[in-house]
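The data block below is model-v4.json; it holds JSON, C-alpha atoms and all ligand atoms.
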```
[["chain", "number", "residue", "atom", "x", "y", "z"],
["A", 30, "GLY", "CA", 121.47, 93.50, 102.50],
["A", 31, "VAL", "CA", 120.02, 92.92, 105.96],
["A", 32, "MET", "CA", 117.43, 90.40, 104.83],
["A", 33, "VAL", "CA", 119.48, 87.58, 103.37],
["A", 34, "THR", "CA", 117.78, 84.87, 105.44],
["A", 35, "TRP", "CA", 114.13, 84.02, 106.05],
["A", 36, "GLU", "CA", 114.65, 84.58, 109.76],
["A", 37, "GLN", "CA", 115.94, 88.12, 109.14],
["A", 38, "LEU", "CA", 113.13, 88.87, 106.71],
["A", 39, "GLU", "CA", 110.39, 87.59, 109.00],
["A", 40, "GLY", "CA", 111.90, 89.31, 112.03],
["A", 41, "ALA", "CA", 112.08, 92.62, 110.15],
["A", 42, "CYS", "CA", 108.44, 92.29, 109.07],
["A", 43, "ARG", "CA", 107.20, 91.36, 112.53],
["A", 44, "SER", "CA", 108.65, 94.49, 114.11],
["A", 45, "CYS", "CA", 108.18, 96.82, 111.12],
["A", 46, "GLN", "CA", 106.89, 100.35, 111.65],
["A", 47, "LYS", "CA", 108.00, 101.79, 108.32],
["A", 48, "CYS", "CA", 104.53, 103.00, 107.38],
["A", 49, "PRO", "CA", 101.40, 103.91, 109.39],
["A", 50, "LEU", "CA", 99.70, 100.57, 108.69],
["A", 51, "TRP", "CA", 101.55, 99.00, 111.62],
["A", 52, "GLN", "CA", 99.33, 100.94, 114.01],
["A", 53, "THR", "CA", 96.10, 99.16, 113.08],
["A", 54, "ARG", "CA", 97.38, 95.66, 112.39],
["A", 55, "THR", "CA", 96.70, 92.57, 114.47],
["A", 56, "ASN", "CA", 99.33, 90.50, 112.64],
["A", 57, "VAL", "CA", 101.92, 91.17, 109.98],
["A", 58, "VAL", "CA", 101.07, 88.90, 107.06],
["A", 59, "THR", "CA", 104.47, 88.08, 105.58],
["A", 60, "GLY", "CA", 103.64, 85.20, 103.27],
["A", 61, "VAL", "CA", 102.99, 81.49, 103.15],
["A", 62, "GLY", "CA", 103.88, 78.45, 101.10],
["A", 63, "ASN", "CA", 106.84, 76.64, 99.64],
["A", 64, "ARG", "CA", 110.07, 78.60, 100.00],
["A", 65, "GLU", "CA", 111.38, 76.77, 96.96],
["A", 66, "ALA", "CA", 108.29, 77.42, 94.85],
["A", 67, "GLU", "CA", 108.58, 77.93, 91.10],
["A", 68, "VAL", "CA", 105.53, 80.19, 91.19],
["A", 69, "LEU", "CA", 105.01, 83.25, 93.39],
["A", 70, "PHE", "CA", 101.51, 84.76, 93.65],
["A", 71, "VAL", "CA", 101.27, 88.35, 94.79],
["A", 72, "GLY", "CA", 98.08, 90.00, 96.07],
["A", 73, "GLU", "CA", 97.63, 93.55, 97.28],
["A", 74, "GLY", "CA", 97.43, 93.34, 101.05],
["A", 75, "PRO", "CA", 95.83, 91.46, 103.93],
["A", 76, "GLY", "CA", 92.09, 91.67, 104.51],
["A", 77, "GLU", "CA", 90.26, 91.18, 107.78],
["A", 78, "GLN", "CA", 90.66, 87.39, 108.07],
["A", 79, "GLU", "CA", 94.29, 87.59, 107.00],
["A", 80, "ASP", "CA", 95.03, 90.27, 109.61],
["A", 81, "LEU", "CA", 93.41, 88.12, 112.31],
["A", 82, "ARG", "CA", 95.13, 84.87, 111.28],
["A", 83, "GLY", "CA", 98.49, 86.15, 110.04],
["A", 84, "ASP", "CA", 98.35, 84.26, 106.72],
["A", 85, "PRO", "CA", 97.57, 85.60, 103.26],
["A", 86, "PHE", "CA", 94.43, 84.69, 101.32],
["A", 87, "VAL", "CA", 92.53, 82.82, 104.03],
["A", 88, "GLY", "CA", 89.23, 84.72, 103.67],
["A", 89, "PRO", "CA", 86.65, 84.44, 100.86],
["A", 90, "ALA", "CA", 89.11, 85.56, 98.17],
["A", 91, "GLY", "CA", 91.56, 82.97, 99.46],
["A", 92, "GLN", "CA", 89.00, 80.19, 99.19],
["A", 93, "LEU", "CA", 88.46, 81.13, 95.57],
["A", 94, "LEU", "CA", 92.22, 81.29, 94.99],
["A", 95, "ASP", "CA", 92.52, 77.74, 96.36],
["A", 96, "LYS", "CA", 89.84, 76.60, 93.90],
["A", 97, "MET", "CA", 91.60, 78.35, 91.05],
["A", 98, "LEU", "CA", 94.88, 76.63, 91.95],
["A", 99, "ALA", "CA", 93.13, 73.26, 92.24],
["A", 100, "ALA", "CA", 91.62, 73.74, 88.78],
["A", 101, "ILE", "CA", 95.13, 73.60, 87.30],
["A", 102, "GLY", "CA", 96.32, 70.85, 89.61],
["A", 103, "LEU", "CA", 98.13, 73.00, 92.18],
["A", 104, "ASP", "CA", 97.68, 73.50, 95.88],
["A", 105, "ARG", "CA", 98.95, 76.30, 98.05],
["A", 106, "LYS", "CA", 101.72, 74.16, 99.54],
["A", 107, "GLN", "CA", 103.45, 74.02, 96.15],
["A", 108, "VAL", "CA", 103.45, 77.76, 95.51],
["A", 109, "TYR", "CA", 104.33, 80.82, 97.56],
["A", 110, "ILE", "CA", 101.72, 83.50, 98.29],
["A", 111, "ALA", "CA", 102.51, 87.02, 99.44],
["A", 112, "ASN", "CA", 101.20, 90.58, 99.18],
["A", 113, "VAL", "CA", 102.53, 93.98, 98.16],
["A", 114, "VAL", "CA", 101.87, 95.31, 101.68],
["A", 115, "LYS", "CA", 102.18, 93.10, 104.73],
["A", 116, "CYS", "CA", 99.75, 94.94, 107.04],
["A", 117, "ARG", "CA", 96.01, 95.37, 106.49],
["A", 118, "PRO", "CA", 94.88, 98.73, 105.14],
["A", 119, "PRO", "CA", 91.92, 99.92, 107.27],
["A", 120, "HIS", "CA", 88.49, 98.99, 105.81],
["A", 121, "ASN", "CA", 90.33, 97.14, 103.01],
["A", 122, "ARG", "CA", 91.08, 100.34, 101.15],
["A", 123, "ASP", "CA", 93.78, 100.22, 98.48],
["A", 124, "PRO", "CA", 97.26, 100.50, 99.95],
["A", 125, "LEU", "CA", 98.58, 104.03, 99.37],
["A", 126, "PRO", "CA", 101.58, 104.58, 97.08],
["A", 127, "GLU", "CA", 103.75, 105.55, 100.06],
["A", 128, "GLU", "CA", 102.69, 102.42, 101.97],
["A", 129, "GLN", "CA", 103.55, 100.27, 98.97],
["A", 130, "ALA", "CA", 106.89, 102.04, 98.58],
["A", 131, "ALA", "CA", 107.69, 101.44, 102.26],
["A", 132, "CYS", "CA", 106.79, 97.74, 102.06],
["A", 133, "ILE", "CA", 107.83, 96.53, 98.61],
["A", 134, "HIS", "CA", 111.42, 95.81, 99.64],
["A", 135, "TYR", "CA", 110.12, 92.91, 101.74],
["A", 136, "LEU", "CA", 108.53, 91.40, 98.65],
["A", 137, "ARG", "CA", 111.81, 91.92, 96.78],
["A", 138, "ALA", "CA", 113.68, 90.14, 99.58],
["A", 139, "GLN", "CA", 111.17, 87.28, 99.41],
["A", 140, "THR", "CA", 111.62, 87.07, 95.66],
["A", 141, "ARG", "CA", 115.42, 86.90, 96.05],
["A", 142, "LEU", "CA", 115.08, 84.11, 98.61],
["A", 143, "ILE", "CA", 112.52, 82.06, 96.66],
["A", 144, "ARG", "CA", 113.91, 82.73, 93.17],
["A", 145, "PRO", "CA", 110.67, 81.62, 91.45],
["A", 146, "LYS", "CA", 110.55, 81.18, 87.70],
["A", 147, "ILE", "CA", 107.10, 82.76, 87.51],
["A", 148, "ILE", "CA", 105.43, 85.66, 89.31],
["A", 149, "VAL", "CA", 101.64, 85.98, 88.98],
["A", 150, "CYS", "CA", 100.19, 89.34, 90.02],
["A", 151, "LEU", "CA", 96.67, 89.10, 91.42],
["A", 152, "GLY", "CA", 94.89, 92.28, 90.43],
["A", 153, "ARG", "CA", 95.76, 95.80, 89.43],
["A", 154, "ILE", "CA", 97.58, 96.90, 92.58],
["A", 155, "ALA", "CA", 100.10, 94.06, 92.39],
["A", 156, "ALA", "CA", 100.47, 94.41, 88.61],
["A", 157, "GLN", "CA", 101.14, 98.14, 88.90],
["A", 158, "ALA", "CA", 103.62, 97.61, 91.73],
["A", 159, "ILE", "CA", 105.50, 94.80, 89.99],
["A", 160, "ILE", "CA", 105.02, 95.05, 86.22],
["A", 161, "ARG", "CA", 104.37, 98.72, 85.36],
["A", 162, "PRO", "CA", 102.79, 101.71, 87.15],
["A", 163, "ASP", "CA", 100.30, 102.26, 84.31],
["A", 164, "PHE", "CA", 99.36, 98.57, 83.90],
["A", 165, "LYS", "CA", 95.76, 98.11, 82.69],
["A", 166, "ILE", "CA", 94.41, 94.89, 84.18],
["A", 167, "THR", "CA", 91.48, 94.44, 81.78],
["A", 168, "ARG", "CA", 93.63, 95.02, 78.71],
["A", 169, "GLU", "CA", 96.94, 93.48, 79.73],
["A", 170, "ARG", "CA", 95.99, 90.49, 81.90],
["A", 171, "GLY", "CA", 97.21, 87.16, 80.64],
["A", 172, "ILE", "CA", 100.17, 88.65, 78.75],
["A", 173, "TRP", "CA", 103.57, 87.21, 79.64],
["A", 174, "GLU", "CA", 106.67, 89.33, 79.97],
["A", 175, "GLU", "CA", 110.16, 88.10, 80.82],
["A", 176, "ARG", "CA", 112.18, 90.37, 83.02],
["A", 177, "LYS", "CA", 115.45, 89.75, 84.86],
["A", 178, "GLY", "CA", 114.96, 86.02, 84.53],
["A", 179, "PHE", "CA", 111.40, 86.03, 85.86],
["A", 180, "TRP", "CA", 108.25, 85.38, 83.82],
["A", 181, "LEU", "CA", 105.61, 87.90, 84.86],
["A", 182, "MET", "CA", 101.86, 87.81, 84.26],
["A", 183, "ALA", "CA", 98.82, 89.41, 85.87],
["A", 184, "THR", "CA", 95.29, 88.16, 86.19],
["A", 185, "TYR", "CA", 92.18, 89.36, 88.00],
["A", 186, "HIS", "CA", 92.20, 89.46, 91.77],
["A", 187, "PRO", "CA", 89.94, 86.72, 93.20],
["A", 188, "SER", "CA", 87.94, 89.46, 94.99],
["A", 189, "ALA", "CA", 87.20, 91.00, 91.60],
["A", 190, "LEU", "CA", 85.93, 87.58, 90.43],
["A", 191, "LEU", "CA", 83.66, 87.39, 93.48],
["A", 192, "ARG", "CA", 82.25, 90.84, 92.70],
["A", 193, "ASP", "CA", 81.91, 90.19, 88.97],
["A", 194, "PRO", "CA", 81.66, 86.49, 88.03],
["A", 195, "SER", "CA", 81.62, 87.40, 84.32],
["A", 196, "LYS", "CA", 85.39, 87.91, 84.66],
["A", 197, "LYS", "CA", 85.87, 84.23, 85.54],
["A", 198, "ARG", "CA", 86.06, 83.15, 81.91],
["A", 199, "ASP", "CA", 89.13, 85.35, 81.29],
["A", 200, "ALA", "CA", 90.67, 84.31, 84.60],
["A", 201, "TRP", "CA", 90.31, 80.68, 83.56],
["A", 202, "GLU", "CA", 92.20, 81.41, 80.31],
["A", 203, "ASP", "CA", 94.96, 83.02, 82.37],
["A", 204, "LEU", "CA", 95.17, 79.98, 84.66],
["A", 205, "LYS", "CA", 95.45, 77.63, 81.69],
["A", 206, "SER", "CA", 98.16, 79.89, 80.31],
["A", 207, "LEU", "CA", 99.97, 79.65, 83.66],
["A", 208, "ARG", "CA", 99.74, 75.88, 83.53],
["A", 209, "ARG", "CA", 101.22, 75.88, 79.99],
["A", 210, "LYS", "CA", 104.02, 78.22, 81.06],
["A", 211, "MET", "CA", 104.83, 75.92, 83.98],
["A", 212, "GLU", "CA", 105.03, 72.96, 81.62],
["A", 213, "GLU", "CA", 107.19, 74.95, 79.17],
["A", 214, "LEU", "CA", 109.59, 75.93, 81.95],
["A", 215, "GLU", "CA", 109.54, 72.40, 83.36],
["A", 216, "CYS", "CA", 108.10, 73.46, 86.69],
["A", 217, "ILE", "CA", 105.77, 70.45, 86.54],
["A", 301, "LIG", "N1", 93.40, 90.04, 99.26],
["A", 301, "LIG", "C1", 94.70, 90.21, 99.02],
["A", 301, "LIG", "O1", 95.12, 90.95, 98.13],
["A", 301, "LIG", "N2", 95.56, 89.55, 99.80],
["A", 301, "LIG", "C2", 95.18, 88.74, 100.78],
["A", 301, "LIG", "O2", 96.05, 88.17, 101.45],
["A", 301, "LIG", "C3", 93.80, 88.57, 101.00],
["A", 301, "LIG", "C4", 92.91, 89.24, 100.23],
["A", 302, "LIG", "FE1", 106.01, 97.78, 107.54],
["A", 302, "LIG", "FE2", 104.84, 96.96, 105.32],
["A", 302, "LIG", "FE3", 103.51, 96.84, 107.62],
["A", 302, "LIG", "FE4", 104.00, 99.20, 106.49],
["A", 302, "LIG", "S1", 102.71, 97.55, 105.65],
["A", 302, "LIG", "S2", 104.29, 98.68, 108.65],
["A", 302, "LIG", "S3", 106.02, 98.85, 105.59],
["A", 302, "LIG", "S4", 105.34, 95.67, 107.09]]
```
Using the file provided, produce a representation of the structure as structure tokens.
Ligand code: URA
Ligand code: SF4
Amino acid sequence: GVMVTWEQLEGACRSCQKCPLWQTRTNVVTGVGNREAEVLFVGEGPGEQEDLRGDPFVGPAGQLLDKMLAAIGLDRKQVYIANVVKCRPPHNRDPLPEEQAACIHYLRAQTRLIRPKIIVCLGRIAAQAIIRPDFKITRERGIWEERKGFWLMATYHPSALLRDPSKKRDAWEDLKSLRRKMEELECI
């Protein structure tokens, strides 16, 4: 492959024009965190603040994500955080299937470089891109599945928790489950 190093991966992302989202981006938001992380979090795509700053989850959803991590004794420097698409969809619309298809190989390259034990999908878009196209977030969140040596699980997107705080109780169960899985796999 052409993306066997971080430098190659980040260079390819920075100059990418593989889907129309490049035309409206300020920054490509490749990912952030520990390149040796045991846990990879995957969101859907950059929002406004992320596009302006070039880092994932730095807006309101990101602040909640930081709190969620802190609640199980983690901070964002221990984990790696990335998105399905690396450029902001206009007006924060869902990334289109063809945009996801054009971009997902960057996430695969990141996953090969990091080799995390656990991948947590944040929200439906990430779960459908990574776990299964017909994944139902309300019904299947919190359920672990082992695939190709990775443990996969999806929980609500922090933006969904901001819109509907009644989902926080389930999200908290998922976070505790993540913490237990990390202990089981001797990540912590
Ligand atoms: N929402 C996402 O899915 N990703 C981000 O980076 C920020 C908000
Ligand atoms: Fe390239 Fe992904 Fe940005 Fe589309 S979203 S231009 S595929 S980096």
> CA of Ile143 in chain A to CA of Glu169 in chain A: how many Å, to one decimal?
Replying inline: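 Distance between the two atoms: 25.7 Å.
Excluding Thr59 in chain A itself and any same-chain residue fewer than 4 positions from it, the protein and nucleic acid residues within 9 Å of it, counting only C-alpha atoms, are Leu38, Glu39, Cys42, Arg43, Gly83, Asp84, Pro85, Ala111, Asn112, Val114, Lys115, Cys116, Tyr135 and Leu136 of chain A.
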> In terms of the shortest atom-to-atom distance over all atoms listed in the file, which of A:Gln107, A:Thr184, A:Gln78, A:Thr140 is closest to ligand LIG 301 (chain A)?
Replying inline: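 Smallest distance to ligand LIG 301 (chain A) is found for A:Gln78.
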Go through chain A residue by residue and, counting all atoms listed in the file, keep those with an atom at most 12 Å from ligand LIG 302 (chain A); for each kept residue give the shortest atom pair and its distance in Å to one decimal, ordered by chain and increasing number, as a Markdown table.
```
| residue | atom | partner | partner_atom | distance |
| --- | --- | --- | --- | --- |
| A:Leu38 | CA | A:LIG302 | S4 | 10.3 |
| A:Glu39 | CA | A:LIG302 | S4 | 9.7 |
| A:Gly40 | CA | A:LIG302 | S4 | 10.4 |
| A:Ala41 | CA | A:LIG302 | S4 | 8.0 |
| A:Cys42 | CA | A:LIG302 | S4 | 5.0 |
| A:Arg43 | CA | A:LIG302 | S4 | 7.2 |
| A:Ser44 | CA | A:LIG302 | FE1 | 7.8 |
| A:Cys45 | CA | A:LIG302 | FE1 | 4.3 |
| A:Gln46 | CA | A:LIG302 | S2 | 4.3 |
| A:Lys47 | CA | A:LIG302 | S3 | 4.5 |
| A:Cys48 | CA | A:LIG302 | FE4 | 3.9 |
| A:Pro49 | CA | A:LIG302 | S2 | 6.0 |
| A:Leu50 | CA | A:LIG302 | S2 | 5.0 |
| A:Trp51 | CA | A:LIG302 | S2 | 4.1 |
| A:Gln52 | CA | A:LIG302 | S2 | 7.6 |
| A:Thr53 | CA | A:LIG302 | S2 | 9.3 |
| A:Arg54 | CA | A:LIG302 | FE3 | 7.9 |
| A:Thr55 | CA | A:LIG302 | FE3 | 10.6 |
| A:Asn56 | CA | A:LIG302 | FE3 | 9.1 |
| A:Val57 | CA | A:LIG302 | FE3 | 6.3 |
| A:Val58 | CA | A:LIG302 | S4 | 8.0 |
| A:Thr59 | CA | A:LIG302 | S4 | 7.8 |
| A:Gly60 | CA | A:LIG302 | S4 | 11.3 |
| A:Glu73 | CA | A:LIG302 | S1 | 10.6 |
| A:Gly74 | CA | A:LIG302 | S1 | 8.2 |
| A:Pro75 | CA | A:LIG302 | S1 | 9.3 |
| A:Asp80 | CA | A:LIG302 | FE3 | 10.9 |
| A:Ala111 | CA | A:LIG302 | FE2 | 11.8 |
| A:Asn112 | CA | A:LIG302 | FE2 | 9.6 |
| A:Val113 | CA | A:LIG302 | FE2 | 8.1 |
| A:Val114 | CA | A:LIG302 | S1 | 4.6 |
| A:Lys115 | CA | A:LIG302 | S1 | 4.6 |
| A:Cys116 | CA | A:LIG302 | S1 | 4.2 |
| A:Arg117 | CA | A:LIG302 | S1 | 7.1 |
| A:Pro118 | CA | A:LIG302 | S1 | 7.9 |
| A:Pro119 | CA | A:LIG302 | S1 | 11.2 |
| A:Asp123 | CA | A:LIG302 | S1 | 11.8 |
| A:Pro124 | CA | A:LIG302 | S1 | 8.4 |
| A:Leu125 | CA | A:LIG302 | S1 | 9.9 |
| A:Pro126 | CA | A:LIG302 | FE4 | 11.1 |
| A:Glu127 | CA | A:LIG302 | S3 | 9.0 |
| A:Glu128 | CA | A:LIG302 | FE4 | 5.7 |
| A:Gln129 | CA | A:LIG302 | S3 | 7.2 |
| A:Ala130 | CA | A:LIG302 | S3 | 7.8 |
| A:Ala131 | CA | A:LIG302 | S3 | 4.5 |
| A:Cys132 | CA | A:LIG302 | S3 | 3.8 |
| A:Ile133 | CA | A:LIG302 | FE2 | 7.4 |
| A:His134 | CA | A:LIG302 | S3 | 8.6 |
| A:Tyr135 | CA | A:LIG302 | FE2 | 7.6 |
| A:Leu136 | CA | A:LIG302 | FE2 | 9.4 |
```
Size and centre in Å, one decimal, axis-aligned box, all listed ligand LIG 301 (chain A) atoms plus 6 Å per side, as lines of an AutoDock Vina configuration file:
```
center_x = 94.5
center_y = 89.6
center_z = 99.8
size_x = 15.1
size_y = 14.8
size_z = 15.3
```
>> Distance cut-off 10 Å, centre (107.9, 75.7, 84.3) in file coordinates, counting all atoms listed in the file: which residues qualify? Return them as a count of residues only.
In response: 17
> In Å, with one decimal, what is the gap from CA of Lys96 in chain A to CA of Arg176 in chain A?
Replying inline: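 Separation of CA of Lys96 in chain A and CA of Arg176 in chain A: 28.4 Å.
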>> Show me, as a ChimeraX atom specification, the residues that have an atom within 6 Å of Gly62 in chain A when counting only C-alpha atoms, minus same-chain residues fewer than 3 positions from it.
In response: /A:106,108-109
Saved selection, atoms kept: C-alpha atoms, as a PDB file, keeping the file's coordinate frame:
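Listing of again.pdb after writing:
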```pdb
ATOM      1  CA  LYS A 106     101.720  74.160  99.540  1.00  0.00           C
ATOM      2  CA  VAL A 108     103.450  77.760  95.510  1.00  0.00           C
ATOM      3  CA  TYR A 109     104.330  80.820  97.560  1.00  0.00           C
TER       4      TYR A 109
END
```
> Which residue gives the smallest distance to ligand LIG 301 (chain A) among A:Val87, A:Met32, A:Leu191, A:Val61, with all atoms listed in the file counted?
Replying inline: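 Closest residue, counting all atoms listed in the file: A:Val87.
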> Please, what distance in Å, to one decimal, runs between CA of Arg161 in chain A and CA of Ala99 in chain A?
Replying inline: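 A separation of 28.7 Å between them.
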>> Env of Leu151 in chain A: 10 Å cut, atoms = all atoms listed in the file, seq-sep filter 2 positions within chain, self excluded. Answer as a PyMOL selection string.
In response: chain A and resi 70-73+94+112+148-149+153-156+166+170+182-189
> Hey, which of A:Asp104, A:Asp95, A:Asp203, A:Glu79 ends up closest to ligand LIG 301 (chain A)? Count all atoms listed in the file.
Replying inline: A:Glu79
>> My list of candidates is A:Glu175, A:Glu77, A:Glu202, A:Asp193. Which is closest to Met97 in chain A when distances are computed with all atoms listed in the file?
In response: A:Glu202
> Which is closer to Arg64 in chain A than all the others in A:Lys165, A:Arg141, A:Lys197, A:Lys205, using all atoms listed in the file?
Replying inline: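 Using all atoms listed in the file, Arg64 in chain A sits closest to A:Arg141.
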